[in-house]
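*Asks:* What follows is my_file06.tsv; its format and atoms are TSV, C-alpha atoms.
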chain	number	residue	atom	x	y	z
A	122	MET	CA	46.86	36.79	-7.46
A	123	GLY	CA	46.80	40.27	-8.94
A	124	LEU	CA	48.18	43.36	-7.23
A	125	PHE	CA	44.76	44.93	-6.64
A	126	ASP	CA	42.67	41.79	-5.93
A	127	THR	CA	42.06	42.65	-2.26
A	128	GLU	CA	41.11	46.25	-3.06
A	129	ILE	CA	38.67	45.12	-5.74
A	130	GLN	CA	37.07	42.64	-3.34
A	131	SER	CA	36.81	45.36	-0.67
A	132	PHE	CA	35.07	47.72	-3.08
A	133	LYS	CA	32.62	44.95	-3.97
A	134	LEU	CA	31.90	44.30	-0.28
A	135	ASP	CA	31.18	48.00	0.18
A	136	GLU	CA	28.75	47.92	-2.74
A	137	LEU	CA	26.99	44.94	-1.16
A	138	HIS	CA	26.59	46.91	2.11
A	139	ASP	CA	28.82	44.76	4.32
A	140	PRO	CA	27.08	44.89	7.75
A	141	LEU	CA	30.40	44.54	9.56
A	142	LEU	CA	31.64	47.72	7.91
A	143	LYS	CA	28.56	49.53	9.16
A	144	LEU	CA	29.11	48.09	12.65
A	145	SER	CA	32.70	49.39	12.63
A	146	GLU	CA	31.55	52.84	11.53
A	147	LEU	CA	28.85	53.11	14.20
A	148	ILE	CA	30.79	51.74	17.17
A	149	ASP	CA	34.25	52.79	18.26
A	150	PHE	CA	35.42	49.56	19.88
A	151	GLU	CA	38.24	51.42	21.61
A	152	LEU	CA	35.49	52.24	24.11
A	153	PHE	CA	36.00	48.75	25.55
A	154	ARG	CA	39.82	48.81	25.72
A	155	PRO	CA	40.28	49.89	29.39
A	156	LEU	CA	37.83	47.21	30.45
A	157	LEU	CA	39.43	44.50	28.29
A	158	GLU	CA	42.98	45.33	29.42
A	159	ARG	CA	42.15	45.20	33.12
A	160	PRO	CA	42.51	41.40	33.68
A	161	PHE	CA	45.85	41.40	31.86
A	162	GLN	CA	47.50	44.25	33.75
A	163	LYS	CA	50.46	42.30	35.08
A	164	ASP	CA	54.09	43.21	34.70
A	165	ARG	CA	55.74	40.96	32.13
A	166	LYS	CA	58.78	39.14	33.50
A	167	SER	CA	60.53	39.50	30.17
A	168	ASN	CA	60.06	41.19	26.80
A	169	ALA	CA	61.09	37.99	25.07
A	170	GLY	CA	58.61	36.11	22.96
A	171	ARG	CA	55.82	37.22	20.68
A	172	LYS	CA	53.72	40.17	21.73
A	173	PRO	CA	50.12	39.36	22.73
A	174	PHE	CA	47.33	39.93	20.24
A	175	ASP	CA	45.48	43.21	20.51
A	176	ARG	CA	42.69	42.76	23.10
A	177	VAL	CA	40.16	44.89	21.21
A	178	MET	CA	40.75	42.78	18.10
A	179	LEU	CA	40.18	39.59	20.11
A	180	PHE	CA	37.02	41.06	21.60
A	181	LYS	CA	35.74	41.88	18.11
A	182	GLY	CA	36.47	38.24	17.25
A	183	LEU	CA	34.14	37.15	20.08
A	184	ILE	CA	31.47	39.49	18.69
A	185	LEU	CA	31.83	37.76	15.30
A	186	GLN	CA	31.68	34.36	16.95
A	187	ARG	CA	28.41	35.17	18.68
A	188	LEU	CA	26.95	37.04	15.72
A	189	TYR	CA	27.52	34.13	13.33
A	190	ASN	CA	27.20	31.30	15.89
A	191	LEU	CA	30.69	29.86	15.33
A	192	SER	CA	32.74	27.36	17.31
A	193	ASP	CA	36.28	28.36	18.32
A	194	ASP	CA	37.76	26.30	15.47
A	195	GLN	CA	35.36	27.81	12.95
A	196	LEU	CA	36.15	31.29	14.25
A	197	GLU	CA	39.85	30.67	13.56
A	198	PHE	CA	39.06	29.35	10.07
A	199	GLN	CA	36.65	32.14	9.12
A	200	THR	CA	38.92	34.93	10.38
A	201	THR	CA	41.65	33.42	8.21
A	202	ASP	CA	39.46	32.86	5.16
A	203	ARG	CA	36.87	35.65	4.97
A	204	LEU	CA	37.84	39.11	3.85
A	205	SER	CA	34.88	40.77	5.56
A	206	PHE	CA	35.95	39.25	8.91
A	207	ARG	CA	39.57	40.29	8.41
A	208	ARG	CA	38.53	43.85	7.56
A	209	PHE	CA	36.40	43.98	10.69
A	210	LEU	CA	39.33	42.77	12.82
A	211	LYS	CA	41.73	45.08	10.93
A	212	LEU	CA	44.03	42.20	10.00
A	213	SER	CA	46.28	42.84	7.03
A	214	GLY	CA	46.91	40.19	4.40
A	215	SER	CA	50.29	39.32	5.94
A	216	GLU	CA	48.98	38.93	9.53
A	217	PHE	CA	47.96	35.60	10.98
A	218	SER	CA	44.57	35.26	12.65
A	219	PRO	CA	44.57	34.23	16.32
A	220	ASP	CA	44.08	30.49	16.70
A	221	ALA	CA	41.13	28.79	18.39
A	222	LYS	CA	42.95	28.35	21.71
A	223	THR	CA	43.84	32.05	21.84
A	224	PHE	CA	40.20	33.04	21.38
A	225	TRP	CA	39.15	30.47	24.00
A	226	ALA	CA	41.72	31.63	26.56
A	227	PHE	CA	40.77	35.29	26.02
A	228	ARG	CA	37.05	34.57	26.45
A	229	GLU	CA	37.76	32.43	29.51
A	230	THR	CA	39.73	35.24	31.17
A	231	LEU	CA	36.95	37.76	30.49
A	232	THR	CA	34.39	35.28	31.81
A	233	GLN	CA	36.21	34.54	35.05
A	234	HIS	CA	36.62	38.28	35.73
A	235	GLN	CA	32.98	39.02	34.77
A	236	ILE	CA	34.20	41.50	32.16
A	237	LEU	CA	31.56	40.55	29.58
A	238	LYS	CA	28.70	41.68	31.81
A	239	GLU	CA	30.54	44.93	32.49
A	240	ALA	CA	30.97	45.35	28.73
A	241	PHE	CA	27.21	44.92	28.34
A	242	TYR	CA	26.52	47.75	30.83
A	243	LEU	CA	29.23	49.93	29.26
A	244	PHE	CA	27.56	49.61	25.87
A	245	GLU	CA	24.12	50.28	27.37
A	246	LYS	CA	25.54	53.52	28.77
A	247	PHE	CA	26.94	54.32	25.30
A	248	LEU	CA	23.44	53.83	23.84
A	249	CYS	CA	21.97	56.26	26.35
A	250	GLU	CA	24.62	58.84	25.45
A	251	LYS	CA	23.61	58.40	21.80
A	252	GLY	CA	20.04	59.38	22.73
A	253	TYR	CA	18.52	55.92	23.16
A	254	THR	CA	17.44	56.33	26.76
A	255	PRO	CA	14.80	53.90	28.13
A	256	LYS	CA	11.29	54.97	27.09
A	257	GLY	CA	7.72	53.74	27.05
A	258	GLY	CA	7.90	51.35	30.00
A	259	THR	CA	9.75	48.12	30.80
A	260	LEU	CA	9.28	44.70	29.17
A	261	ILE	CA	10.25	41.69	31.27
A	262	ASP	CA	10.34	38.04	30.22
A	263	ALA	CA	12.65	35.02	30.06
A	264	THR	CA	13.91	32.58	27.44
A	265	PHE	CA	15.71	29.24	27.57
A	266	ILE	CA	19.39	29.06	26.64
A	267	GLU	CA	20.18	25.42	25.98
A	268	VAL	CA	23.52	23.66	26.42
A	269	PRO	CA	24.77	20.22	25.27
A	270	LYS	CA	22.75	17.56	27.06
A	271	GLN	CA	24.42	15.55	29.81
A	272	ARG	CA	23.97	11.79	29.59
A	273	ASN	CA	23.57	11.12	33.32
A	274	THR	CA	21.59	8.44	35.08
A	275	ARG	CA	18.46	9.40	37.01
A	276	GLU	CA	20.28	8.78	40.27
A	277	GLN	CA	23.12	11.07	39.22
A	278	ASN	CA	20.68	13.80	38.17
A	279	LYS	CA	18.94	13.48	41.53
A	280	GLU	CA	22.23	13.93	43.41
A	281	ILE	CA	23.18	16.94	41.25
A	282	LYS	CA	19.79	18.54	41.87
A	283	GLU	CA	20.33	18.11	45.61
A	284	GLY	CA	23.65	19.91	45.35
A	285	ARG	CA	25.87	16.82	45.68
A	286	ILE	CA	28.55	15.55	43.31
A	287	PRO	CA	27.98	11.90	42.31
A	288	GLU	CA	30.70	9.53	43.57
A	289	ASP	CA	31.34	8.32	40.02
A	290	PHE	CA	32.28	11.88	39.02
A	291	LYS	CA	34.57	12.35	42.02
A	292	LYS	CA	36.56	9.23	41.14
A	293	ASN	CA	37.24	10.40	37.59
A	294	LYS	CA	38.48	14.01	37.45
A	295	HIS	CA	38.43	13.96	33.64
A	296	LYS	CA	34.74	13.11	33.68
A	297	LEU	CA	34.01	15.71	36.36
A	298	VAL	CA	35.37	18.64	34.32
A	299	GLN	CA	33.04	17.65	31.46
A	300	LYS	CA	29.94	17.56	33.67
A	301	ASP	CA	27.69	20.59	34.05
A	302	LEU	CA	26.55	20.61	37.68
A	303	ASP	CA	24.61	23.88	37.37
A	304	SER	CA	22.30	23.38	34.38
A	305	ARG	CA	18.88	21.78	34.89
A	306	TRP	CA	16.09	20.01	33.02
A	307	VAL	CA	12.64	21.56	32.78
A	308	LYS	CA	9.49	20.79	30.80
A	309	LYS	CA	7.38	23.56	29.23
A	310	ASN	CA	4.37	23.01	26.98
A	311	GLY	CA	5.33	19.34	26.71
A	312	ILE	CA	8.88	20.12	25.51
A	313	ASP	CA	11.99	19.27	27.54
A	314	TYR	CA	14.71	21.91	27.86
A	315	TYR	CA	18.16	21.55	29.39
A	316	GLY	CA	20.35	24.47	30.32
A	317	TYR	CA	19.82	27.98	31.62
A	318	LYS	CA	17.49	30.97	31.40
A	319	ASP	CA	18.16	34.49	30.23
A	320	HIS	CA	15.90	36.97	32.09
A	321	PRO	CA	16.18	40.28	30.18
A	322	SER	CA	14.33	43.55	30.66
A	323	ALA	CA	13.96	45.87	27.66
A	324	ASP	CA	12.37	49.23	27.12
A	325	VAL	CA	9.17	49.44	25.05
A	326	ASP	CA	10.13	52.15	22.55
A	327	TYR	CA	13.59	51.02	21.43
A	328	LYS	CA	13.46	47.31	22.40
A	329	ILE	CA	17.00	47.58	23.79
A	330	ILE	CA	17.96	45.18	26.59
A	331	ARG	CA	18.71	47.30	29.65
A	332	ASP	CA	19.45	44.62	32.23
A	333	PHE	CA	19.35	40.85	32.63
A	334	GLU	CA	19.83	37.96	35.04
A	335	VAL	CA	20.96	34.38	34.38
A	336	THR	CA	19.64	31.31	36.21
A	337	SER	CA	19.39	27.59	35.64
A	338	ALA	CA	16.42	26.53	33.50
A	339	GLU	CA	14.12	25.33	36.29
A	340	VAL	CA	13.95	28.72	38.05
A	341	HIS	CA	10.51	30.27	37.55
A	342	ASP	CA	10.42	33.47	35.51
A	343	SER	CA	8.83	35.45	38.34
A	344	ASN	CA	11.71	34.75	40.77
A	345	GLU	CA	13.95	37.28	39.01
A	346	PHE	CA	11.27	39.94	38.43
A	347	SER	CA	12.07	42.27	41.33
A	348	GLY	CA	15.77	42.42	40.46
A	349	LEU	CA	14.95	43.71	36.98
A	350	LEU	CA	12.74	46.60	38.05
A	351	THR	CA	14.21	49.98	37.19
A	352	GLN	CA	13.41	53.64	37.74
A	353	LYS	CA	15.46	54.74	34.71
A	354	ASN	CA	12.58	54.55	32.24
A	355	ASP	CA	10.62	57.72	31.44
A	356	THR	CA	7.40	55.69	31.90
A	357	LEU	CA	7.20	53.79	35.19
A	358	THR	CA	5.19	50.87	33.84
A	359	ALA	CA	6.07	47.16	33.74
A	360	PHE	CA	4.71	44.80	31.05
A	361	ALA	CA	4.86	41.04	31.46
A	362	ASP	CA	2.94	37.85	30.65
A	363	SER	CA	0.74	35.84	33.01
A	364	ALA	CA	3.71	33.94	34.48
A	365	TYR	CA	4.44	37.08	36.53
A	366	TYR	CA	0.89	37.63	37.78
A	367	GLY	CA	0.53	37.39	41.57
A	368	LYS	CA	0.28	39.29	44.84
A	369	LYS	CA	4.02	39.25	45.54
A	370	ILE	CA	4.92	40.95	42.27
A	371	SER	CA	1.99	43.35	42.50
A	372	LYS	CA	3.27	44.48	45.90
A	373	ALA	CA	6.84	44.86	44.61
A	374	LEU	CA	5.59	47.07	41.77
A	375	SER	CA	3.41	49.09	44.09
A	376	ASP	CA	6.26	49.65	46.55
A	377	ALA	CA	8.51	50.80	43.68
A	378	GLY	CA	5.85	53.18	42.36
A	379	ILE	CA	5.62	51.29	39.06
A	380	LYS	CA	2.31	50.73	37.28
A	381	GLU	CA	1.41	47.06	36.82
A	382	MET	CA	0.56	45.95	33.27
A	383	ILE	CA	0.71	42.17	33.66
A	384	VAL	CA	-1.52	39.76	31.76
A	385	ARG	CA	-4.25	38.47	34.06
A	386	LYS	CA	-4.44	34.74	34.66
A	387	GLY	CA	-7.65	32.79	35.15
A	388	CYS	CA	-8.08	29.44	36.90
A	389	ARG	CA	-10.59	26.64	37.11
A	390	TYR	CA	-12.71	28.28	39.79
A	391	LYS	CA	-12.26	31.87	38.73
A	392	ALA	CA	-12.59	32.53	35.03
A	393	LEU	CA	-11.42	35.77	33.44
A	394	THR	CA	-14.05	38.49	33.25
A	395	GLU	CA	-14.77	40.41	30.05
A	396	GLU	CA	-12.93	43.35	31.57
A	397	ASP	CA	-9.88	41.12	32.19
A	398	LYS	CA	-9.95	39.91	28.58
A	399	ILE	CA	-10.04	43.47	27.24
A	400	PHE	CA	-7.17	44.38	29.59
A	401	ASN	CA	-5.13	41.33	28.50
A	402	LYS	CA	-5.58	42.17	24.84
A	403	ALA	CA	-4.33	45.73	25.37
A	404	VAL	CA	-1.34	44.59	27.46
A	405	SER	CA	-0.40	41.72	25.10
A	406	ARG	CA	-0.15	44.08	22.15
A	407	ILE	CA	2.70	45.89	23.93
A	408	ARG	CA	4.15	42.97	25.90
A	409	ALA	CA	4.68	41.03	22.65
A	410	ARG	CA	7.52	43.42	21.76
A	411	ILE	CA	9.83	41.41	24.03
A	412	GLU	CA	9.21	38.43	21.73
A	413	HIS	CA	10.81	40.43	18.92
A	414	VAL	CA	13.96	40.56	21.05
A	415	PHE	CA	13.95	36.77	21.45
A	416	ALA	CA	13.27	36.28	17.73
A	417	THR	CA	16.38	38.29	16.83
A	418	ILE	CA	18.48	36.37	19.36
A	419	THR	CA	17.23	33.11	17.84
A	420	GLN	CA	18.23	34.29	14.36
A	421	PHE	CA	21.91	34.48	15.29
A	422	GLY	CA	21.85	31.24	17.30
A	423	GLY	CA	21.72	32.90	20.69
A	424	THR	CA	19.43	30.30	22.28
A	425	TRP	CA	22.25	27.73	22.28
A	426	ILE	CA	25.68	27.94	23.93
A	427	ARG	CA	28.66	25.60	24.07
A	428	SER	CA	29.80	25.86	27.68
A	429	ILE	CA	29.87	24.08	31.02
A	430	GLY	CA	28.81	25.70	34.30
A	431	ILE	CA	26.82	28.77	35.21
A	432	VAL	CA	29.87	31.07	35.37
A	433	ARG	CA	30.60	30.49	31.69
A	434	ALA	CA	26.90	30.59	30.88
A	435	ARG	CA	26.66	34.07	32.44
A	436	GLY	CA	29.56	35.23	30.30
A	437	GLN	CA	28.10	33.76	27.10
A	438	ILE	CA	24.63	35.16	27.78
A	439	ALA	CA	26.07	38.60	28.55
A	440	LEU	CA	27.77	38.43	25.14
A	441	ILE	CA	24.50	37.35	23.48
A	442	ASN	CA	22.64	40.30	24.98
A	443	LEU	CA	25.47	42.66	24.04
A	444	VAL	CA	25.46	41.47	20.42
A	445	TYR	CA	21.68	41.85	20.30
A	446	ASN	CA	22.00	45.48	21.46
A	447	MET	CA	24.64	46.13	18.81
A	448	LYS	CA	22.36	44.75	16.09
A	449	ARG	CA	19.49	46.80	17.45
A	450	PHE	CA	21.65	49.93	17.51
A	451	MET	CA	22.54	49.38	13.83
A	452	PHE	CA	18.85	49.10	12.95
A	453	LEU	CA	17.84	52.18	14.95
A	454	GLU	CA	20.65	54.27	13.46
A	455	GLY	CA	19.64	53.19	9.96
A	456	GLN	CA	16.05	54.11	10.74
A	457	ARG	CA	17.13	57.51	12.06
A	458	GLN	CA	19.21	58.23	8.95
A	459	ARG	CA	16.30	57.34	6.64
A	460	GLN	CA	14.00	59.65	8.58
A	461	GLU	CA	16.52	62.49	8.35
A	462	LYS	CA	16.74	62.04	4.56
A	463	VAL	CA	12.94	62.20	4.24
A	464	ALA	CA	12.82	65.31	6.44
Kindly transcribe the structure held in the file into structure tokens.
*Replies:*
Amino acid sequence: MGLFDTEIQSFKLDELHDPLLKLSELIDFELFRPLLERPFQKDRKSNAGRKPFDRVMLFKGLILQRLYNLSDDQLEFQTTDRLSFRRFLKLSGSEFSPDAKTFWAFRETLTQHQILKEAFYLFEKFLCEKGYTPKGGTLIDATFIEVPKQRNTREQNKEIKEGRIPEDFKKNKHKLVQKDLDSRWVKKNGIDYYGYKDHPSADVDYKIIRDFEVTSAEVHDSNEFSGLLTQKNDTLTAFADSAYYGKKISKALSDAGIKEMIVRKGCRYKALTEEDKIFNKAVSRIRARIEHVFATITQFGGTWIRSIGIVRARGQIALINLVYNMKRFMFLEGQRQRQEKVA
């Protein structure tokens, strides 16, 4: 290798508009340090041994993992092999990348302490400080987040659904730790899904996720509606599809002083009126903006997670929503800069 090979490659990456460089310029990841250090604040018994990896660097590794849909082993390989990843993590040529188990243990600690959800809210606050406060009303919907399918018998699935652990699992502890007792099967539009649901709420103008809930897949979308209502938006209006239409939700919106803009639903004995159809068309044009959120999440593999149990699923989904907001922030900042140049 030549003396200036790395510098030449870095210049070329800059010319090709490396998105990770832009992400580093826009977001000061030191913002997350106090939060990331909290679970590890224990007095070391001895100064012997290798010092732990920088927590912010490990956190940035988890961002890369989610952004590029990588396994732990692939994350270790790519952070060793790819210059753009190493620049993002600020690893010099002589430094080793953390191994797969280090990334796993770090993510597991953050998950068990619910740090990833706190990181999501911390970044949402950062977005508001940057001027991206919620505007235009609130979009509410849900999407499936699938997990590896469990090959259980019907009897075992029945016991799990009833909240019991099958005897066969109890007898074999190694089998039990590999069984997801929280995820559920559900059928929608003739397609079977297995896993969990992400219930996000986003604002209309910026399409930034402001809050979210996580449930198993069989929970109906409308069950989490009330918990996602917010008074922070400058327009107190809620947009949602027909799955949320009903008296209970209408009352919750009325009590909160929020205008209802939910797609009307007809039935066999009560067809939609022409007025309802006109209303639905107007609402759907705005409500569809939440589908853009899900489309972006799908692009970086965010509708699939490799985890067992709802605790880990909550952590992974919090990370998915956080990464989406980071991508959205990059787009909005680029849009703002282009407008300033034109002006």
*Asks:* Find the nearest atom pair between each residue of range 202-269 of chain A and range 341-350 of chain A for residues within 10 Å, count only C-alpha atoms, give distances in Å to one decimal, sort rows by chain and ascending number, and present the table as a Markdown table.
*Replies:*
| residue | atom | partner | partner_atom | distance |
| --- | --- | --- | --- | --- |
| A:Thr259 | CA | A:Leu350 | CA | 8.0 |
| A:Leu260 | CA | A:Leu349 | CA | 9.7 |
| A:Ile261 | CA | A:Phe346 | CA | 7.4 |
| A:Asp262 | CA | A:Asp342 | CA | 7.0 |
| A:Ala263 | CA | A:Asp342 | CA | 6.1 |
| A:Thr264 | CA | A:Asp342 | CA | 8.8 |
*Asks:* If I take CA of Leu156 in chain A and CA of Tyr253 in chain A, how far is one from the other in Å, to one decimal?
*Replies:*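 So the answer is 22.4 Å.
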*Asks:* Give me the residues within 9 Å of range 327-330 of chain A as a ChimeraX atom specification, counting only C-alpha atoms and dropping any in the same chain fewer than 2 places off.
*Replies:* /A:245,248,253-257,260,321-325,332-333,410-411,413-414,442-443,445-446,449-450,453
*Asks:* May I have the residues within 12 Å of Leu183 in chain A as a ChimeraX atom specification, using all atoms listed in the file and disregarding those fewer than 3 positions away in the same chain?
*Replies:* /A:176-180,186-193,195-197,200,206,209-210,219,221,223-229,231-232,237,436-437,439-441,443-444
*Asks:* Do you have the CA of Asn273 in chain A-CA of Lys300 in chain A distance handy?
*Replies:* 9.1 Å
*Asks:* Would you please work out which residue, of A:Lys462, A:Arg203, A:Arg389, A:Arg331, is nearest to Lys246 in chain A when using only C-alpha atoms?
*Replies:* A:Arg331
*Asks:* At a cut-off of 12 Å from (26.3, 49.9, 15.2) in the coordinates of the file, what residues are picked up using all atoms listed in the file, written as a ChimeraX atom specification?
*Replies:* /A:140-150,244,247-248,251,443-456
*Asks:* Which one is closest to Val335 in chain A: A:Gly258, A:Gly182, A:Gly430, A:Pro269? Count all atoms listed in the file.
*Replies:*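 Of the candidates, the smallest distance to Val335 in chain A is held by A:Gly430.
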